[in-house]
Amino acid sequence: MVGKGGGDGALAGLIISAATVSTVILVILSGHIADAIGSARAVAVSALFLAASGLGFARVPSAGVGLMTVGFILGIGWGTFYALGPLLVAAIIEPEHRIRFFALLSGSMMSGIGAGPIIGRIATGWSMPIETAFLFASLSSLAGGALYFLLHIRLTNAGKILPHVNKISFGAARRVIASPAMYSIVMVGVGGAIFGGLSSFQTSYAKAHGFDYSLFFIGFMSSAILSRLFAAGYVVKKDPFYSLLVLTSLTLASILLFLMVTSSALGYLCAAAMLGLGYGLTYSVINGLAANEAPVGLMPQSLLLFSLAYFIGVFGFPLIAGKLIVSSGIQTMLYAVLLLAVANLAIVLFRVAYRAMRAS
C-alpha cells in the first residue's frame, strides 16, 4: 500500500517487482521440487519463506535494498506456494470436479490476499503499528504451511498420490504455448496486471478522490471470494467462451467506473465489487480452460505456465504503473489498465469468432 506521493509509488513498484525475479525462477523450478519431495511438502516449505517475508516487512526499515531483498524472499514463497496448489488439486481430485475445486482454491487465495490491507487498515484505526498486519501475515503463513505438511503426511499414509512428472522443459513449454491453452495463459497474465495495478496503488487513487481505500478491498474481496466460492460452480457449467464475454465486459465496465467516479463512495464500492465479480470468475474459468485445453499429458506444465503468467502480471505491472503515476498521475495509470481490460475482451471475441467460423 502506498500513498499519493510519486516517491512512495515508485518504491512500492520496485519492491513488488523485485519479487518477480524470484517468482519466475521458483515457478519454473517448482515442478522439479514437487517431483523431488512431493507437492504438499514443497508447499509447506515455501510457507517458511512467506513467513520470513512477513517478518522482514515488519522489521526492515522502509527504504533501501533491505526491502527489495524481502520482496525477493516473498517471491520465493509465492512462486512455490501458489504454483503448486493447483497441481496438488489436480492430483487428488477427479477430472470432472477439478474446475470447481480450482475455483474454491482461488477463492481461498483471494481471501488471504484481500484480508491483508483490511487488517492493516484495522490496525492503524486502532492506533496499532502497521507492522502488526505483517506479523499476522507471517503467523498465517506458518499455519498454512503446517496444514500442508499434515496433508502431505495423510496423503503419503493413504498412498493417494502416484508419482508423475510436473517439471517444465523447453519442449513441454513449446507444446503448451502452441496449444489453445495459451489463450488462457495470456489472459491470466493480463488479468494479473489489472489486479496488480489497481490493488497496489489503491491508496493513491483513494486519497486523490477523498475515499477510504479499505472500501476497495472490502468490495473487491467480498465479491471475488463469494463469486468464486458460490457462483463459480454454476458459471463453469455454461459455455466458457460466452461466460468470458460477460465477465471480461464486467471487468472493463468496472475500470470505466473507476475513471468516472470522483466523489461517490458508494460508486467506488460498486466499482470494486464489479471488478471482483468480473476478474474473480474470469480467473476461475480460464484456470479450468488452461487445464482442459492443455496437450495430453502436459496439464501440470500448463498450470505452471498459467501461474507464471499470473505472477509476471501481478508483480511486474506495478513497476510500470508506479512510473506512470510518477510521470503522469493516477489517471494515466488507470487508462493503461483500461487498455489491458480491452485486450482481454478482444482475446475472448477472437476465440468466439474463430469457433463460429470453424463451425460454419
# chains A, B, ... in the order shown; residues from 1 in each chain; ligands from 1
>>> residues_around(residues="stretch 272-275 of chain A", least_positions_apart="5", cutoff="10 Å", atoms="only C-alpha atoms", output="compact mmCIF listing (two decimals) with C-alpha atoms, in the first residue's frame")
# COMPACT_ATOMS: atom_id res chain seq x y z
CA ILE A 194 -5.03 -5.37 -13.93
CA PHE A 195 -5.31 -6.65 -10.36
CA LEU A 198 -5.33 -1.43 -9.15
CA LEU A 215 -13.75 0.29 0.66
CA PHE A 216 -11.98 -1.00 -2.44
CA PHE A 217 -10.62 -4.08 -0.71
CA ILE A 218 -13.90 -4.77 1.09
CA GLY A 219 -15.89 -4.56 -2.14
CA PHE A 220 -13.36 -6.38 -4.28
CA MET A 221 -12.54 -9.12 -1.79
CA SER A 222 -16.13 -9.83 -0.82
CA SER A 223 -17.28 -10.05 -4.43
CA ALA A 224 -14.31 -12.09 -5.66
CA LEU A 247 -17.11 -11.49 -17.27
CA THR A 248 -14.43 -9.60 -19.23
CA LEU A 250 -17.82 -6.58 -16.41
CA THR A 251 -14.14 -6.06 -15.70
CA LEU A 252 -13.92 -3.44 -18.43
CA ALA A 253 -17.03 -1.66 -17.13
CA SER A 254 -15.61 -1.58 -13.59
CA ILE A 255 -12.46 0.21 -14.74
CA LEU A 257 -16.37 3.37 -13.32
CA PHE A 258 -13.05 3.99 -11.56
CA LEU A 266 -20.96 4.12 -2.99
CA GLY A 267 -19.94 4.25 -6.65
CA GLY A 280 -12.68 -13.28 -9.90
CA LEU A 281 -14.82 -15.51 -12.11
>>> residues_around(residues="A:Ala19", least_positions_apart="5", cutoff="7 Å", atoms="only C-alpha atoms", output="JSON, numbers by chain")
{"A": [71, 72, 74, 75, 315]}
>>> residues_around(residues="A:Phe101", least_positions_apart="4", cutoff="10 Å", atoms="only C-alpha atoms", output="list in words")
Pro86, Val89, Ala90, Ile93, Glu94, Glu96, His97, Leu105, Ser106, Gly107, Arg228, Leu229, Ala232, Gly233, Ser284 and Gly288 of chain A
>>> write_last_selection(atoms="N, CA and C atoms", output="compact mmCIF listing (two decimals), in the first residue's frame")
# COMPACT_ATOMS: atom_id res chain seq x y z
N PRO A 86 -2.62 -25.59 -7.39
CA PRO A 86 -3.46 -26.21 -8.43
C PRO A 86 -2.97 -27.59 -8.85
N VAL A 89 -4.26 -29.99 -6.30
CA VAL A 89 -5.69 -30.22 -6.52
C VAL A 89 -5.90 -31.18 -7.68
N ALA A 90 -5.17 -30.94 -8.78
CA ALA A 90 -5.32 -31.81 -9.96
C ALA A 90 -4.92 -33.24 -9.66
N ILE A 93 -7.98 -34.69 -7.06
CA ILE A 93 -9.39 -34.51 -7.40
C ILE A 93 -9.67 -35.12 -8.77
N GLU A 94 -10.80 -35.78 -8.91
CA GLU A 94 -11.18 -36.37 -10.18
C GLU A 94 -11.37 -35.28 -11.23
N GLU A 96 -13.54 -34.47 -13.48
CA GLU A 96 -14.82 -33.80 -13.64
C GLU A 96 -15.11 -32.79 -12.53
N HIS A 97 -14.35 -32.84 -11.45
CA HIS A 97 -14.58 -31.91 -10.33
C HIS A 97 -13.48 -30.85 -10.21
N LEU A 105 -10.15 -23.13 -4.53
CA LEU A 105 -8.76 -22.83 -4.17
C LEU A 105 -8.45 -21.36 -4.39
N SER A 106 -8.81 -20.84 -5.56
CA SER A 106 -8.51 -19.43 -5.85
C SER A 106 -9.32 -18.50 -4.95
N GLY A 107 -10.54 -18.91 -4.57
CA GLY A 107 -11.32 -18.11 -3.64
C GLY A 107 -10.64 -18.02 -2.28
N ARG A 228 -16.38 -16.79 -6.37
CA ARG A 228 -15.59 -18.00 -6.60
C ARG A 228 -16.09 -19.18 -5.77
N LEU A 229 -16.52 -18.90 -4.57
CA LEU A 229 -16.96 -19.98 -3.69
C LEU A 229 -18.37 -20.46 -4.00
N ALA A 232 -19.07 -19.89 -8.97
CA ALA A 232 -18.21 -20.50 -9.98
C ALA A 232 -18.74 -21.86 -10.41
N GLY A 233 -19.30 -22.63 -9.48
CA GLY A 233 -19.84 -23.94 -9.82
C GLY A 233 -20.93 -23.86 -10.87
N SER A 284 -11.31 -18.08 -12.60
CA SER A 284 -11.73 -19.47 -12.40
C SER A 284 -11.98 -20.16 -13.73
N GLY A 288 -9.64 -23.30 -15.49
CA GLY A 288 -10.15 -24.57 -15.98
C GLY A 288 -9.80 -24.82 -17.43
>>> select_by_dssp(residues="stretch 204-324 of chain A", states="alpha helix (DSSP H)", output="VMD selection string")
chain A and resid 204 to 209 214 to 226 232 to 235 240 to 260 265 to 292 299 to 324
>>> atom_distance(atom1="atom CA of A:Tyr335", atom2="atom CA of A:Ala321")
10.5 Å
>>> residues_around(residues="stretch 113-129 of chain A", least_positions_apart="3", cutoff="7 Å", atoms="only C-alpha atoms", output="number ranges by chain")
A: 109-110, 132-133, 214, 217, 221
>>> write_last_selection(atoms="N, CA and C atoms", output="tab-separated table (two decimals), in the first residue's frame")
chain	number	residue	atom	x	y	z
A	109	MET	N	-7.40	-18.34	-1.81
A	109	MET	CA	-6.23	-17.49	-2.01
A	109	MET	C	-6.60	-16.02	-1.93
A	110	MET	N	-7.70	-15.68	-2.62
A	110	MET	CA	-8.12	-14.28	-2.65
A	110	MET	C	-8.53	-13.78	-1.27
A	132	THR	N	1.93	-4.72	12.68
A	132	THR	CA	1.06	-5.77	13.23
A	132	THR	C	0.45	-6.61	12.12
A	133	ALA	N	0.08	-5.97	11.01
A	133	ALA	CA	-0.52	-6.70	9.89
A	133	ALA	C	0.49	-7.68	9.28
A	214	SER	N	-9.97	1.28	2.11
A	214	SER	CA	-10.45	-0.02	2.57
A	214	SER	C	-11.77	-0.40	1.89
A	217	PHE	N	-10.97	-2.71	-1.05
A	217	PHE	CA	-10.62	-4.08	-0.71
A	217	PHE	C	-11.82	-4.83	-0.13
A	221	MET	N	-12.75	-7.82	-2.43
A	221	MET	CA	-12.54	-9.12	-1.79
A	221	MET	C	-13.85	-9.86	-1.59
>>> residues_around(residues="A:Ile153", least_positions_apart="6", cutoff="10 Å", atoms="only C-alpha atoms", output="list in words")
Ala40, Arg41, Leu147 and Gly159 of chain A
>>> atom_distance(atom1="atom CA of A:Leu84", atom2="atom CA of A:Val27")
8.4 Å
>>> atom_distance(atom1="atom CA of A:Ala359", atom2="atom CA of A:Ser302")
26.3 Å
>>> residues_around(residues="A:Ala143", least_positions_apart="4", cutoff="10 Å", atoms="only C-alpha atoms", output="list in words")
Ala44, Ala47, Leu48, Ala51, Ala137, Ser138, Leu139, Leu147, Tyr148 and Phe149 of chain A
>>> write_last_selection(atoms="all heavy atoms", output="PDB file, in the first residue's frame")
ATOM      1  N   ALA A  44       4.543 -26.678   1.932  1.00  0.00           N
ATOM      2  CA  ALA A  44       4.785 -26.441   3.356  1.00  0.00           C
ATOM      3  C   ALA A  44       6.114 -25.729   3.577  1.00  0.00           C
ATOM      4  O   ALA A  44       6.211 -24.803   4.386  1.00  0.00           O
ATOM      5  CB  ALA A  44       4.749 -27.768   4.117  1.00  0.00           C
ATOM      6  N   ALA A  47       6.029 -22.047   2.675  1.00  0.00           N
ATOM      7  CA  ALA A  47       5.351 -21.202   3.659  1.00  0.00           C
ATOM      8  C   ALA A  47       6.356 -20.564   4.611  1.00  0.00           C
ATOM      9  O   ALA A  47       6.103 -19.467   5.146  1.00  0.00           O
ATOM     10  CB  ALA A  47       4.330 -22.020   4.446  1.00  0.00           C
ATOM     11  N   LEU A  48       7.485 -21.215   4.844  1.00  0.00           N
ATOM     12  CA  LEU A  48       8.523 -20.633   5.701  1.00  0.00           C
ATOM     13  C   LEU A  48       9.085 -19.349   5.087  1.00  0.00           C
ATOM     14  O   LEU A  48       9.385 -18.386   5.800  1.00  0.00           O
ATOM     15  CB  LEU A  48       9.642 -21.652   5.926  1.00  0.00           C
ATOM     16  CG  LEU A  48       9.248 -22.940   6.662  1.00  0.00           C
ATOM     17  CD1 LEU A  48      10.448 -23.878   6.747  1.00  0.00           C
ATOM     18  CD2 LEU A  48       8.728 -22.619   8.058  1.00  0.00           C
ATOM     19  N   ALA A  51       6.512 -16.642   5.577  1.00  0.00           N
ATOM     20  CA  ALA A  51       6.566 -16.162   6.959  1.00  0.00           C
ATOM     21  C   ALA A  51       7.770 -15.251   7.175  1.00  0.00           C
ATOM     22  O   ALA A  51       7.678 -14.212   7.844  1.00  0.00           O
ATOM     23  CB  ALA A  51       6.614 -17.350   7.917  1.00  0.00           C
ATOM     24  N   ALA A 137       0.363 -11.762   9.047  1.00  0.00           N
ATOM     25  CA  ALA A 137       0.571 -12.483   7.797  1.00  0.00           C
ATOM     26  C   ALA A 137       1.619 -13.584   7.974  1.00  0.00           C
ATOM     27  O   ALA A 137       1.490 -14.685   7.429  1.00  0.00           O
ATOM     28  CB  ALA A 137       0.994 -11.523   6.692  1.00  0.00           C
ATOM     29  N   SER A 138       2.649 -13.281   8.741  1.00  0.00           N
ATOM     30  CA  SER A 138       3.703 -14.271   8.983  1.00  0.00           C
ATOM     31  C   SER A 138       3.159 -15.480   9.739  1.00  0.00           C
ATOM     32  O   SER A 138       3.423 -16.636   9.374  1.00  0.00           O
ATOM     33  CB  SER A 138       4.845 -13.625   9.770  1.00  0.00           C
ATOM     34  OG  SER A 138       5.901 -14.536   9.975  1.00  0.00           O
ATOM     35  N   LEU A 139       2.374 -15.218  10.791  1.00  0.00           N
ATOM     36  CA  LEU A 139       1.780 -16.329  11.549  1.00  0.00           C
ATOM     37  C   LEU A 139       0.793 -17.124  10.694  1.00  0.00           C
ATOM     38  O   LEU A 139       0.730 -18.359  10.787  1.00  0.00           O
ATOM     39  CB  LEU A 139       1.080 -15.769  12.794  1.00  0.00           C
ATOM     40  CG  LEU A 139       1.988 -15.173  13.872  1.00  0.00           C
ATOM     41  CD1 LEU A 139       1.148 -14.550  14.983  1.00  0.00           C
ATOM     42  CD2 LEU A 139       2.922 -16.244  14.442  1.00  0.00           C
ATOM     43  N   LEU A 147      -0.628 -26.917   7.819  1.00  0.00           N
ATOM     44  CA  LEU A 147      -1.743 -27.684   7.257  1.00  0.00           C
ATOM     45  C   LEU A 147      -1.299 -28.479   6.037  1.00  0.00           C
ATOM     46  O   LEU A 147      -1.705 -29.638   5.855  1.00  0.00           O
ATOM     47  CB  LEU A 147      -2.891 -26.744   6.891  1.00  0.00           C
ATOM     48  CG  LEU A 147      -3.646 -26.112   8.064  1.00  0.00           C
ATOM     49  CD1 LEU A 147      -4.661 -25.094   7.559  1.00  0.00           C
ATOM     50  CD2 LEU A 147      -4.347 -27.198   8.885  1.00  0.00           C
ATOM     51  N   TYR A 148      -0.477 -27.870   5.198  1.00  0.00           N
ATOM     52  CA  TYR A 148       0.020 -28.591   4.017  1.00  0.00           C
ATOM     53  C   TYR A 148       0.939 -29.748   4.420  1.00  0.00           C
ATOM     54  O   TYR A 148       0.946 -30.807   3.787  1.00  0.00           O
ATOM     55  CB  TYR A 148       0.759 -27.638   3.080  1.00  0.00           C
ATOM     56  CG  TYR A 148      -0.133 -27.023   2.032  1.00  0.00           C
ATOM     57  CD1 TYR A 148      -0.586 -25.712   2.159  1.00  0.00           C
ATOM     58  CD2 TYR A 148      -0.525 -27.754   0.912  1.00  0.00           C
ATOM     59  CE1 TYR A 148      -1.407 -25.149   1.191  1.00  0.00           C
ATOM     60  CE2 TYR A 148      -1.337 -27.192  -0.058  1.00  0.00           C
ATOM     61  CZ  TYR A 148      -1.783 -25.899   0.091  1.00  0.00           C
ATOM     62  OH  TYR A 148      -2.601 -25.340  -0.864  1.00  0.00           O
ATOM     63  N   PHE A 149       1.715 -29.548   5.493  1.00  0.00           N
ATOM     64  CA  PHE A 149       2.581 -30.643   5.947  1.00  0.00           C
ATOM     65  C   PHE A 149       1.739 -31.806   6.477  1.00  0.00           C
ATOM     66  O   PHE A 149       2.040 -32.979   6.208  1.00  0.00           O
ATOM     67  CB  PHE A 149       3.535 -30.143   7.030  1.00  0.00           C
ATOM     68  CG  PHE A 149       4.549 -31.162   7.462  1.00  0.00           C
ATOM     69  CD1 PHE A 149       5.605 -31.507   6.633  1.00  0.00           C
ATOM     70  CD2 PHE A 149       4.433 -31.796   8.693  1.00  0.00           C
ATOM     71  CE1 PHE A 149       6.538 -32.460   7.023  1.00  0.00           C
ATOM     72  CE2 PHE A 149       5.354 -32.744   9.095  1.00  0.00           C
ATOM     73  CZ  PHE A 149       6.418 -33.080   8.256  1.00  0.00           C
TER      74      PHE A 149
END
>>> closest_residue(among="A:Leu269, A:Leu29, A:Leu308, A:Ala231", to="A:Ile185", atoms="only C-alpha atoms")
A:Leu308
>>> closest_atom_pairs(of="stretch 253-332 of chain A", to="stretch 242-246 of chain A", cutoff="8 Å", atoms="only C-alpha atoms", output="JSON lines")
{"residue": "A:Gly278", "atom": "CA", "partner": "A:Val246", "partner_atom": "CA", "distance": 7.9}
{"residue": "A:Thr282", "atom": "CA", "partner": "A:Leu244", "partner_atom": "CA", "distance": 6.2}
{"residue": "A:Val285", "atom": "CA", "partner": "A:Leu244", "partner_atom": "CA", "distance": 7.4}
>>> write_last_selection(atoms="N, CA, C and O atoms", output="PDB file, in the first residue's frame")
ATOM      1  N   GLY A 278     -16.137  -9.710 -11.979  1.00  0.00           N
ATOM      2  CA  GLY A 278     -15.639  -9.990 -13.322  1.00  0.00           C
ATOM      3  C   GLY A 278     -14.278 -10.648 -13.314  1.00  0.00           C
ATOM      4  O   GLY A 278     -14.068 -11.697 -13.939  1.00  0.00           O
ATOM      5  N   THR A 282     -13.544 -14.688 -14.016  1.00  0.00           N
ATOM      6  CA  THR A 282     -12.710 -14.889 -15.209  1.00  0.00           C
ATOM      7  C   THR A 282     -11.531 -15.786 -14.881  1.00  0.00           C
ATOM      8  O   THR A 282     -11.194 -16.714 -15.630  1.00  0.00           O
ATOM      9  N   VAL A 285     -12.628 -19.462 -14.663  1.00  0.00           N
ATOM     10  CA  VAL A 285     -12.955 -20.070 -15.955  1.00  0.00           C
ATOM     11  C   VAL A 285     -11.694 -20.355 -16.760  1.00  0.00           C
ATOM     12  O   VAL A 285     -11.517 -21.447 -17.306  1.00  0.00           O
TER      13      VAL A 285
END
>>> closest_residue(among="A:Tyr268, A:Phe134, A:Tyr279, A:Phe241", to="A:His209", atoms="only C-alpha atoms")
A:Tyr268
>>> decode(residues="stretch 172-196 of chain A", atoms="N, CA, C and O atoms", output="short mmCIF file (atom, residue, chain, number, x, y, z; two decimals), in the first residue's frame")
data_model
loop_
_atom_site.label_atom_id
_atom_site.label_comp_id
_atom_site.auth_asym_id
_atom_site.auth_seq_id
_atom_site.Cartn_x
_atom_site.Cartn_y
_atom_site.Cartn_z
N ALA A 172 8.22 -29.19 -23.47
CA ALA A 172 6.85 -29.17 -22.94
C ALA A 172 6.26 -27.77 -23.02
O ALA A 172 5.09 -27.59 -23.36
N ALA A 173 7.08 -26.77 -22.70
CA ALA A 173 6.59 -25.39 -22.76
C ALA A 173 6.20 -25.02 -24.18
O ALA A 173 5.17 -24.35 -24.40
N ARG A 174 6.99 -25.42 -25.16
CA ARG A 174 6.66 -25.13 -26.55
C ARG A 174 5.34 -25.77 -26.96
O ARG A 174 4.52 -25.16 -27.66
N ARG A 175 5.11 -27.00 -26.51
CA ARG A 175 3.86 -27.67 -26.86
C ARG A 175 2.66 -26.99 -26.22
O ARG A 175 1.60 -26.87 -26.84
N VAL A 176 2.82 -26.54 -24.98
CA VAL A 176 1.72 -25.83 -24.32
C VAL A 176 1.45 -24.50 -25.00
O VAL A 176 0.29 -24.12 -25.24
N ILE A 177 2.52 -23.77 -25.34
CA ILE A 177 2.37 -22.47 -25.99
C ILE A 177 1.68 -22.61 -27.35
O ILE A 177 0.92 -21.72 -27.77
N ALA A 178 1.91 -23.73 -28.03
CA ALA A 178 1.31 -23.95 -29.34
C ALA A 178 -0.13 -24.46 -29.25
O ALA A 178 -0.81 -24.59 -30.28
N SER A 179 -0.62 -24.72 -28.04
CA SER A 179 -1.97 -25.27 -27.86
C SER A 179 -2.96 -24.15 -27.52
O SER A 179 -2.57 -23.02 -27.20
N PRO A 180 -4.27 -24.45 -27.58
CA PRO A 180 -5.27 -23.43 -27.20
C PRO A 180 -5.14 -22.96 -25.75
O PRO A 180 -5.67 -21.89 -25.41
N ALA A 181 -4.46 -23.73 -24.90
CA ALA A 181 -4.29 -23.30 -23.51
C ALA A 181 -3.54 -21.98 -23.41
O ALA A 181 -3.65 -21.27 -22.41
N MET A 182 -2.81 -21.63 -24.46
CA MET A 182 -2.02 -20.41 -24.43
C MET A 182 -2.91 -19.17 -24.30
O MET A 182 -2.50 -18.17 -23.70
N TYR A 183 -4.13 -19.21 -24.86
CA TYR A 183 -5.02 -18.07 -24.74
C TYR A 183 -5.32 -17.76 -23.27
O TYR A 183 -5.30 -16.59 -22.84
N SER A 184 -5.59 -18.81 -22.50
CA SER A 184 -5.88 -18.62 -21.08
C SER A 184 -4.65 -18.14 -20.32
O SER A 184 -4.75 -17.35 -19.39
N ILE A 185 -3.48 -18.63 -20.72
CA ILE A 185 -2.24 -18.22 -20.06
C ILE A 185 -1.99 -16.73 -20.29
O ILE A 185 -1.60 -16.01 -19.36
N VAL A 186 -2.21 -16.26 -21.51
CA VAL A 186 -2.05 -14.83 -21.80
C VAL A 186 -3.08 -14.01 -21.02
O VAL A 186 -2.76 -12.98 -20.42
N MET A 187 -4.33 -14.50 -20.99
CA MET A 187 -5.39 -13.75 -20.31
C MET A 187 -5.13 -13.63 -18.82
O MET A 187 -5.42 -12.58 -18.23
N VAL A 188 -4.59 -14.67 -18.19
CA VAL A 188 -4.35 -14.56 -16.75
C VAL A 188 -3.20 -13.60 -16.47
O VAL A 188 -3.20 -12.92 -15.44
N GLY A 189 -2.23 -13.52 -17.38
CA GLY A 189 -1.16 -12.54 -17.21
C GLY A 189 -1.69 -11.12 -17.30
O GLY A 189 -1.33 -10.25 -16.49
N VAL A 190 -2.58 -10.88 -18.27
CA VAL A 190 -3.19 -9.56 -18.40
C VAL A 190 -4.08 -9.26 -17.20
O VAL A 190 -4.06 -8.15 -16.64
N GLY A 191 -4.86 -10.25 -16.76
CA GLY A 191 -5.71 -10.07 -15.59
C GLY A 191 -4.90 -9.80 -14.33
O GLY A 191 -5.29 -8.98 -13.50
N GLY A 192 -3.78 -10.49 -14.20
CA GLY A 192 -2.91 -10.25 -13.05
C GLY A 192 -2.37 -8.83 -13.05
O GLY A 192 -2.23 -8.20 -12.00
N ALA A 193 -2.05 -8.30 -14.24
CA ALA A 193 -1.57 -6.93 -14.35
C ALA A 193 -2.66 -5.94 -13.93
O ALA A 193 -2.39 -4.95 -13.25
N ILE A 194 -3.91 -6.23 -14.33
CA ILE A 194 -5.03 -5.37 -13.93
C ILE A 194 -5.17 -5.35 -12.41
O ILE A 194 -5.26 -4.30 -11.78
N PHE A 195 -5.18 -6.55 -11.82
CA PHE A 195 -5.31 -6.65 -10.36
C PHE A 195 -4.12 -6.02 -9.65
O PHE A 195 -4.28 -5.27 -8.68
N GLY A 196 -2.91 -6.29 -10.14
CA GLY A 196 -1.72 -5.74 -9.51
C GLY A 196 -1.68 -4.23 -9.57
O GLY A 196 -1.34 -3.56 -8.59
#
